[in-house]
Amino acid sequence: MANKRETHCNNQVDTFAEALATARQMQQNWLTYGVDFVNIYVEDVEGDWLETWGHDEILGNFQLDSIKEFLVSNDSVAVKVREHLGERSLFDFAVNLDESWRISQTNDRLSAVKNLLAGEENSIDTDDIRLLDLANTLVVKLAEIL
Amino acid sequence: MQATEIKDKLKSLTLQASSIDHNLARRLDEINRWVKNIKPGSLTGKPFVIAFLLEVITDSTIWLIIKSLPSEEERKAKFNLMTPIERYWYGYLFPRWINASDSKFYIWKQKLMAGEFNQVDDDIIKSIAQDIVQREGSFWQRYIADLSMATDLIVSRNNEPLCIQITSVSEELNHQKYEAWQNTLRSWEIERGLFLSYNPKDANFVNQLVNVALYNSDYLSGGKYLKFS
């Protein structure tokens, strides 16, 4: 167990040392080449990446992106959802929300969202007014956005 | 790497940040949407946008590693591995940028869109930084600091880091710019600042600017914003 913890710490040190070394090297490269330092890191600086930056999003999952965007926003409902989720992954929640929004009928959405908010391990307490209220406001919000 | 991979990195950092630091997640998401809206070929060169993005990715990566550490001691230990100037950036200014109110945050977008970056300025700042290093000083250059905090370079030698703005504007405009600069520094709660203006016709101006910068980084007292022209 002690070994495992040590390995974990070493990995963290390595990732951190690596990230700091990258920042320092980048600074050094700027000092030598000015803004042209970007050519060391990126092969196609003058390519069409800027013109096509948003293209995959149009083809991609617009709904999931909108959900994610909403969940990290300052909207009071989003803030409440984050507070409710606590340590749980916001990304997983967004993916599940996206999925359940696709598959469920409009009238099932509330219970699907309620289940997601309650989490897998917790049995739903139908008396939990607060949870029901949050699910309700979230469904209304998502219906506006999506 | 290919430029499109920058976008992938930005997105994966945004997701990572969403469970560690919501404000950073929001900033990164905003940057992604902002880049999408840049009109290609206009005003700002692609190298500057890439430089800005590389910087944001590098700094966010470091910040998320520190932020996800379980204890204050562990975070402190990481900051102790940094130079004083890096500590000032990652421990003070960068978190302020992440958590800044939107009105402050939008400044950089306007500036980048207005094409305020240019090769000549960048080359002068680079020459000054090179001279500072040769004279045993250290520097930190960040496009974020330039855009949001009116700071071209952060300089340090024997004292706390000093934020420096370098400008070649005329005497008349100079005063307005100086006032705006002071207000910006105050709003970020930057402790000490130096506003340097120079005459590009003077062949020795880089040397002079470096003398003033290093001297003041050593001796300028806290709470002072000094103008030198």
# chains A, B, ... in the order shown; residues from 1 in each chain; ligands from 1

$ interface_residues --of "chain A" --to "chain B" --cutoff "7 Å" --atoms "only C-alpha atoms" --output "list in words"
Phe16, Ala19, Leu20, Ala23, Leu31, Gly34, Val35, Asp36, Val38, Tyr41, Val42, Glu43, Asp44, Val45, Glu46, Trp49, Leu50, Glu51, Trp53, Gly54, Val72, Ser73, Ser89, Leu90 and Phe91 of chain A

$ select_by_dssp --residues "range 2-220 of chain B" --states "helix (DSSP H, G or I)" --output "PyMOL selection string"
chain B and resi 3-18+22-37+46-67+72-80+84-99+102-113+119-134+143-149+171-187+205-219

$ closest_residue --among "A:Asp133, A:Glu83, A:Asp92, A:Asp98" --to "Asp65 in chain A" --atoms "only C-alpha atoms"
A:Asp98

$ select_by_dssp --residues "chain B" --states "strand (DSSP E or B)" --output "PyMOL selection string"
chain B and resi 138-140+153-156+162-167+193-197+225-228

$ write_last_selection --atoms "C-alpha atoms" --output "PDB file, in the first residue's frame"
ATOM      1  CA  SER B 138      15.061  36.650 -15.144  1.00  0.00           C
ATOM      2  CA  PHE B 139      11.862  37.347 -17.026  1.00  0.00           C
ATOM      3  CA  TRP B 140       8.460  35.859 -17.735  1.00  0.00           C
ATOM      4  CA  LEU B 153       7.343  41.456 -19.294  1.00  0.00           C
ATOM      5  CA  ILE B 154       7.650  40.433 -15.688  1.00  0.00           C
ATOM      6  CA  VAL B 155      11.207  41.032 -14.544  1.00  0.00           C
ATOM      7  CA  SER B 156      13.082  39.928 -11.467  1.00  0.00           C
ATOM      8  CA  LEU B 162       8.150  43.683 -11.339  1.00  0.00           C
ATOM      9  CA  CYS B 163       5.542  44.158 -14.078  1.00  0.00           C
ATOM     10  CA  ILE B 164       6.779  46.197 -17.012  1.00  0.00           C
ATOM     11  CA  GLN B 165       4.965  47.877 -19.870  1.00  0.00           C
ATOM     12  CA  ILE B 166       7.059  49.081 -22.806  1.00  0.00           C
ATOM     13  CA  THR B 167       5.719  51.633 -25.241  1.00  0.00           C
ATOM     14  CA  GLY B 193       4.874  48.418 -11.973  1.00  0.00           C
ATOM     15  CA  LEU B 194       7.147  50.217 -14.398  1.00  0.00           C
ATOM     16  CA  PHE B 195       5.953  52.075 -17.477  1.00  0.00           C
ATOM     17  CA  LEU B 196       8.792  52.533 -19.956  1.00  0.00           C
ATOM     18  CA  SER B 197       8.555  54.602 -23.080  1.00  0.00           C
ATOM     19  CA  TYR B 225       3.796  52.604 -10.310  1.00  0.00           C
ATOM     20  CA  LEU B 226       6.666  54.410 -11.941  1.00  0.00           C
ATOM     21  CA  LYS B 227       6.785  56.061 -15.341  1.00  0.00           C
ATOM     22  CA  PHE B 228      10.073  56.445 -17.134  1.00  0.00           C
TER      23      PHE B 228
END

$ residues_around --residues "range 108-117 of chain A" --least-positions-apart "5" --cutoff "12 Å" --atoms "only C-alpha atoms" --output "count of residues only"
43
